[in-house]
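Undergrad: So here's protein07.cif, just mmCIF, C-alpha atoms:
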```
data_target
loop_
_atom_site.label_atom_id
_atom_site.label_comp_id
_atom_site.auth_asym_id
_atom_site.auth_seq_id
_atom_site.Cartn_x
_atom_site.Cartn_y
_atom_site.Cartn_z
CA MET A 746 0.00 0.00 0.00
CA ARG A 747 1.01 3.60 -0.48
CA PRO A 748 2.63 4.95 2.71
CA ILE A 749 0.35 7.17 4.79
CA VAL A 750 1.42 10.13 6.92
CA GLN A 751 -0.81 10.62 9.96
CA ILE A 752 -0.49 13.56 12.33
CA SER A 753 -1.55 13.00 15.91
CA LEU A 754 -3.14 16.18 17.24
CA ASP A 755 -2.05 15.73 20.86
CA LEU A 756 -3.40 19.12 21.85
CA THR A 757 -6.03 20.24 24.34
CA ASN A 758 -7.08 23.46 22.60
CA LEU A 759 -9.48 22.89 19.70
CA ASP A 760 -8.61 26.05 17.78
CA GLU A 761 -4.93 25.16 17.95
CA ALA A 762 -5.69 21.61 16.83
CA VAL A 763 -7.65 22.79 13.78
CA GLU A 764 -4.93 25.30 12.91
CA THR A 765 -2.23 22.62 13.19
CA ALA A 766 -4.33 20.23 11.10
CA ALA A 767 -4.70 22.85 8.37
CA LEU A 768 -0.95 23.39 8.29
CA ALA A 769 -0.37 19.64 8.14
CA ARG A 770 -2.80 19.17 5.28
CA ARG A 771 -1.13 21.93 3.27
CA ALA A 772 2.17 20.13 3.80
CA GLY A 773 0.80 16.85 2.44
CA VAL A 774 -0.29 14.92 5.55
CA ASP A 775 -2.87 12.26 4.64
CA TRP A 776 -4.72 11.43 7.89
CA LEU A 777 -5.64 13.51 10.92
CA GLU A 778 -5.75 11.96 14.39
CA ALA A 779 -7.81 13.34 17.24
CA GLY A 780 -5.17 12.39 19.79
CA THR A 781 -6.07 11.18 23.25
CA PRO A 782 -5.45 14.62 24.88
CA LEU A 783 -7.82 16.22 22.35
CA ILE A 784 -10.41 13.48 22.90
CA LEU A 785 -10.20 14.04 26.66
CA ALA A 786 -10.50 17.81 26.31
CA GLU A 787 -13.10 18.09 23.55
CA GLY A 788 -14.56 14.62 22.95
CA LEU A 789 -17.15 14.42 20.19
CA HIS A 790 -17.00 18.19 19.70
CA GLY A 791 -13.37 17.93 18.66
CA VAL A 792 -14.06 15.19 16.12
CA ARG A 793 -17.05 17.11 14.73
CA ALA A 794 -14.92 20.25 14.38
CA LEU A 795 -12.24 18.37 12.48
CA ARG A 796 -14.84 16.77 10.22
CA LYS A 797 -16.45 20.15 9.50
CA SER A 798 -13.10 21.77 8.70
CA PHE A 799 -11.72 18.85 6.68
CA PRO A 800 -14.48 17.10 4.74
CA GLY A 801 -13.34 13.91 3.07
CA VAL A 802 -10.15 13.59 5.10
CA PRO A 803 -9.65 10.40 7.16
CA ILE A 804 -9.93 11.13 10.88
CA VAL A 805 -8.63 8.71 13.52
CA ALA A 806 -10.26 8.95 16.96
CA ASP A 807 -7.66 7.63 19.40
CA LEU A 808 -10.13 6.39 21.99
CA LYS A 809 -7.96 3.60 23.41
CA THR A 810 -11.24 1.79 24.04
CA MET A 811 -11.25 -0.71 26.91
CA ASP A 812 -15.00 -1.15 27.49
CA GLY A 813 -18.33 0.03 26.10
CA GLY A 814 -16.83 -0.59 22.72
CA TYR A 815 -19.87 -0.53 20.49
CA LEU A 816 -21.20 2.75 21.88
CA GLU A 817 -17.83 4.50 21.75
CA ALA A 818 -17.23 3.47 18.16
CA GLU A 819 -20.79 4.35 17.14
CA MET A 820 -20.59 7.82 18.71
CA MET A 821 -17.27 8.64 17.07
CA ALA A 822 -18.45 7.33 13.69
CA LYS A 823 -21.54 9.55 13.86
CA ALA A 824 -19.32 12.51 14.81
CA GLY A 825 -17.28 11.98 11.64
CA ALA A 826 -14.40 9.69 12.57
CA THR A 827 -13.31 7.19 9.93
CA HIS A 828 -11.06 5.16 12.24
CA VAL A 829 -11.33 4.18 15.92
CA VAL A 830 -8.80 2.57 18.26
CA VAL A 831 -9.40 -0.41 20.56
CA MET A 832 -6.88 -1.94 22.95
CA ALA A 833 -5.69 -5.54 22.73
CA ARG A 834 -5.77 -5.70 26.54
CA ALA A 835 -9.55 -5.14 26.50
CA HIS A 836 -11.85 -8.11 26.96
CA VAL A 837 -12.36 -10.13 23.79
CA GLU A 838 -16.03 -9.14 23.81
CA THR A 839 -14.97 -5.51 23.55
CA LEU A 840 -12.82 -6.34 20.54
CA LYS A 841 -15.77 -8.12 18.96
CA VAL A 842 -18.26 -5.30 19.44
CA VAL A 843 -15.88 -2.55 18.29
CA VAL A 844 -15.25 -4.51 15.09
CA LYS A 845 -19.00 -5.03 14.68
CA ALA A 846 -19.63 -1.30 15.14
CA GLY A 847 -16.94 -0.62 12.57
CA ARG A 848 -18.72 -2.81 10.05
CA ASP A 849 -22.14 -1.37 10.95
CA TYR A 850 -21.04 2.27 10.64
CA GLY A 851 -18.39 2.02 7.95
CA VAL A 852 -15.37 2.90 10.09
CA LYS A 853 -12.02 1.12 10.21
CA VAL A 854 -10.76 -0.38 13.45
CA MET A 855 -7.17 0.07 14.60
CA GLY A 856 -6.08 -2.40 17.29
CA ASP A 857 -3.41 -1.21 19.74
CA ASN A 858 -1.13 -3.74 21.47
CA LEU A 859 0.15 -1.38 24.20
CA GLY A 860 0.85 -3.24 27.43
CA CYS A 861 0.63 -6.75 26.01
CA PRO A 862 3.04 -9.17 27.73
CA ASP A 863 3.68 -10.68 24.29
CA MET A 864 3.46 -7.92 21.71
CA VAL A 865 3.47 -10.28 18.72
CA ALA A 866 0.69 -12.39 20.21
CA GLY A 867 -1.25 -9.20 20.94
CA ALA A 868 -0.94 -8.11 17.33
CA LYS A 869 -2.13 -11.51 16.10
CA LEU A 870 -5.09 -11.39 18.49
CA LEU A 871 -6.17 -8.02 17.10
CA GLU A 872 -6.01 -9.30 13.55
CA ASP A 873 -7.84 -12.50 14.46
CA PHE A 874 -10.77 -10.50 15.85
CA GLY A 875 -11.04 -8.44 12.68
CA CYS A 876 -9.08 -5.25 13.25
CA ASP A 877 -8.17 -3.53 10.00
CA TYR A 878 -4.83 -2.20 11.27
CA VAL A 879 -2.39 -2.99 14.08
CA VAL A 880 -0.81 -0.22 16.15
CA HIS A 881 2.43 -1.51 17.69
CA HIS A 882 2.74 0.77 20.70
CA ILE A 883 5.23 1.20 23.54
CA GLY A 884 3.55 3.40 26.16
CA TYR A 885 4.76 6.75 27.49
CA ASP A 886 4.71 5.66 31.14
CA GLU A 887 6.20 2.28 30.29
CA ARG A 888 9.18 3.81 28.48
CA ARG A 889 9.93 6.32 31.19
CA GLY A 890 9.43 3.91 34.05
CA ILE A 891 11.86 1.42 32.56
CA ALA A 892 14.42 4.16 31.91
CA ALA A 893 14.00 5.54 35.46
CA ALA A 894 14.81 2.08 36.81
CA GLY A 895 18.14 2.26 35.00
CA HIS A 896 17.26 0.01 32.09
CA ARG A 897 17.35 0.64 28.36
CA MET A 898 14.20 2.42 27.18
CA PRO A 899 12.29 0.09 24.83
CA SER A 900 11.39 1.14 21.29
CA PRO A 901 8.66 -0.03 18.91
CA LEU A 902 11.44 -0.72 16.43
CA ASP A 903 12.74 -3.55 18.64
CA GLN A 904 9.98 -5.92 17.49
CA LEU A 905 8.53 -4.09 14.52
CA ARG A 906 9.77 -6.56 11.91
CA ASP A 907 8.37 -9.43 13.98
CA ILE A 908 4.98 -7.72 14.24
CA VAL A 909 4.89 -7.02 10.50
CA ALA A 910 5.78 -10.64 9.73
CA ALA A 911 3.11 -11.98 12.10
CA VAL A 912 0.06 -10.20 10.64
CA ARG A 913 -1.47 -9.57 7.22
CA VAL A 914 -2.90 -6.13 7.96
CA PRO A 915 -1.01 -2.80 7.78
CA VAL A 916 1.04 -1.91 10.86
CA GLN A 917 1.81 1.41 12.54
CA ALA A 918 4.63 1.91 15.08
CA VAL A 919 4.08 4.37 17.94
CA GLY A 920 5.86 5.38 21.11
CA GLY A 921 9.04 7.39 21.63
CA LEU A 922 10.27 7.35 18.06
CA THR A 923 12.30 10.27 16.79
CA LEU A 924 11.12 11.84 13.56
CA GLU A 925 13.98 10.13 11.72
CA GLN A 926 12.89 6.76 13.10
CA ALA A 927 9.20 7.32 12.39
CA VAL A 928 9.87 8.30 8.80
CA ARG A 929 11.87 5.10 8.27
CA THR A 930 9.16 2.70 9.48
CA PRO A 931 8.09 1.88 5.89
CA GLU A 932 11.53 0.27 5.54
CA TYR A 933 10.36 -2.20 8.21
CA GLY A 934 7.17 -2.94 6.25
CA ALA A 935 4.98 -0.60 8.34
CA PRO A 936 3.37 1.87 5.92
CA LEU A 937 1.45 4.03 8.42
CA VAL A 938 3.74 6.78 9.70
CA VAL A 939 2.62 8.81 12.72
CA LEU A 940 3.95 12.25 13.62
CA GLY A 941 3.05 13.78 16.97
CA ALA A 942 1.97 17.39 17.38
CA PRO A 943 3.14 19.70 18.78
CA LEU A 944 6.09 18.69 16.66
CA THR A 945 9.76 18.98 17.46
CA ILE A 946 11.65 19.14 14.19
CA ASP A 947 15.00 17.92 15.50
CA ALA A 948 16.21 15.69 12.69
CA ASP A 949 18.83 17.38 10.52
CA ALA A 950 17.36 15.88 7.36
CA PHE A 951 14.12 17.79 7.90
CA LYS A 952 15.40 21.17 9.03
CA THR A 953 14.81 24.09 6.70
CA ALA A 954 16.86 27.26 6.51
CA GLY A 955 14.10 29.35 8.04
CA GLY A 956 12.99 26.72 10.54
CA ASP A 957 9.56 26.78 8.93
CA LEU A 958 7.33 24.03 10.38
CA GLU A 959 5.11 23.67 7.32
CA ALA A 960 8.11 23.39 5.01
CA SER A 961 9.71 20.83 7.32
CA LEU A 962 6.50 18.78 7.37
CA ARG A 963 6.41 18.91 3.60
CA LEU A 964 9.93 17.43 3.47
CA ILE A 965 8.80 14.63 5.80
CA CYS A 966 5.74 13.85 3.67
CA GLU A 967 7.83 13.81 0.50
CA LYS A 968 10.27 11.39 2.13
CA VAL A 969 7.52 9.02 3.31
CA HIS A 970 5.51 9.12 0.08
CA GLY A 971 8.74 8.62 -1.83
CA TYR A 972 9.01 5.04 -0.61
CA GLY A 973 6.32 4.04 -3.08
CA ASP A 974 4.17 1.01 -2.41
CA VAL A 975 5.01 -0.92 0.76
CA LYS A 976 4.30 -4.64 0.63
CA VAL A 977 1.59 -5.72 3.06
CA ALA A 978 1.00 -9.46 3.44
CA SER A 979 -2.34 -10.80 2.24
#
```
Written as structure tokens, how would this file's structure read?
TA:
Amino acid sequence: MRPIVQISLDLTNLDEAVETAALARRAGVDWLEAGTPLILAEGLHGVRALRKSFPGVPIVADLKTMDGGYLEAEMMAKAGATHVVVMARAHVETLKVVVKAGRDYGVKVMGDNLGCPDMVAGAKLLEDFGCDYVVHHIGYDERRGIAAAGHRMPSPLDQLRDIVAAVRVPVQAVGGLTLEQAVRTPEYGAPLVVLGAPLTIDADAFKTAGGDLEASLRLICEKVHGYGDVKVAS
């Protein structure tokens, strides 16, 4: 599949989120994500505002659903989301009903393996229950807690090739990646590239002379799209 650039709007101010989304779209970003902070701050209103401002653009609602799966997915679909996120650590019945809601309302389901004792098994479970995408995710607290204990901070890249090899659906890698690392995930067979916002453009390859964020984002999108089709198992 053609690589996709997704920007995670991890903001709590709706006006700022819409403004950032507009900048990202001008730069060539494909998908918009109502990040968890935006969902917490604005909920359905935030998704509706993004849908109103960006008709026809895929919108991911990062719900991290653990329970009440059908209702959460239904509400976000009706608000304009095209993708919802359910956690592998949820009960299997929650996985089932989120997938059912996705089919009923025409939204795609992204399954997130954050916190799974066996990340590969978690990814397979998500696929087995009908998720359309797998999000291979090392959590914020997890990374920092491990580092604070004096151990090496884990990265999604550690097992990314194993995850890609284990499932037939497209994979996304999330959690502590630098921009340089995120942009290279298609090389691992993971075609869905996520950039967090607010963004820190710290990779030399994406700096512009004027430090212009939109121009830097455009360079990132050109790099990702330049990979061409990424093989996804079928």
Undergrad: Check which residues satisfy the PyMOL selection byres ((chain A and resi 772) around 8) in the file shown, then give them as a count of residues only.
TA: 11
Undergrad: Report as a Markdown table the residues of region 814-868 of chain A within 10 Å of region 778-797 of chain A, each with its shortest atom pair and distance in Å (one decimal), using all atoms listed in the file, ordered by chain and increasing residue number.
TA:
```
| residue | atom | partner | partner_atom | distance |
| --- | --- | --- | --- | --- |
| A:Met820 | CA | A:Leu789 | CA | 7.6 |
| A:Met821 | CA | A:Leu789 | CA | 6.6 |
| A:Ala822 | CA | A:Val792 | CA | 9.3 |
| A:Lys823 | CA | A:Arg793 | CA | 8.8 |
| A:Ala824 | CA | A:Arg793 | CA | 5.1 |
| A:Gly825 | CA | A:Arg796 | CA | 5.6 |
| A:Ala826 | CA | A:Val792 | CA | 6.6 |
| A:Thr827 | CA | A:Arg796 | CA | 9.7 |
| A:His828 | CA | A:Glu778 | CA | 8.9 |
| A:Val829 | CA | A:Glu778 | CA | 9.7 |
```
Undergrad: Got time to write the residues from that selection, C-alpha atoms, as a PDB file, in the coordinates of the input?
TA:
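Result went into selection_19.pdb, see below:
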```pdb
ATOM      1  CA  MET A 820     -20.590   7.820  18.710  1.00  0.00           C
ATOM      2  CA  MET A 821     -17.270   8.640  17.070  1.00  0.00           C
ATOM      3  CA  ALA A 822     -18.450   7.330  13.690  1.00  0.00           C
ATOM      4  CA  LYS A 823     -21.540   9.550  13.860  1.00  0.00           C
ATOM      5  CA  ALA A 824     -19.320  12.510  14.810  1.00  0.00           C
ATOM      6  CA  GLY A 825     -17.280  11.980  11.640  1.00  0.00           C
ATOM      7  CA  ALA A 826     -14.400   9.690  12.570  1.00  0.00           C
ATOM      8  CA  THR A 827     -13.310   7.190   9.930  1.00  0.00           C
ATOM      9  CA  HIS A 828     -11.060   5.160  12.240  1.00  0.00           C
ATOM     10  CA  VAL A 829     -11.330   4.180  15.920  1.00  0.00           C
TER      11      VAL A 829
END
```
Undergrad: Which residue is closest to Val844 (chain A)? Choose from A:Met864, A:Ala893, A:Ala818, A:Val802 and count only C-alpha atoms.
TA: A:Ala818
Undergrad: Could you work out how far CA of Pro915 (chain A) lies from CA of Ala868 (chain A), giving the answer in Å with one decimal?
TA: 10.9 Å
Undergrad: Counting all atoms listed in the file, find residues at most 9 Å from (-8.0, -6.8, 6.9) (file frame) and give them as a list in words.
TA: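 Taken together, the residues in range are Glu872, Gly875, Cys876, Asp877, Tyr878, Arg913, Val914, Pro915 and Ser979 of chain A.
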Undergrad: Just to confirm, what's the straight-line distance from CA of Pro899 (chain A) to CA of Ala918 (chain A) in Å (one decimal)?
TA: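 Going from CA of Pro899 (chain A) over to CA of Ala918 (chain A), I get 12.5 Å.
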Undergrad: When you count only C-alpha atoms, which of these residues is closest to Gly867 (chain A): A:Met855, A:Val842, A:Ala833, A:Val880?
TA: A:Ala833
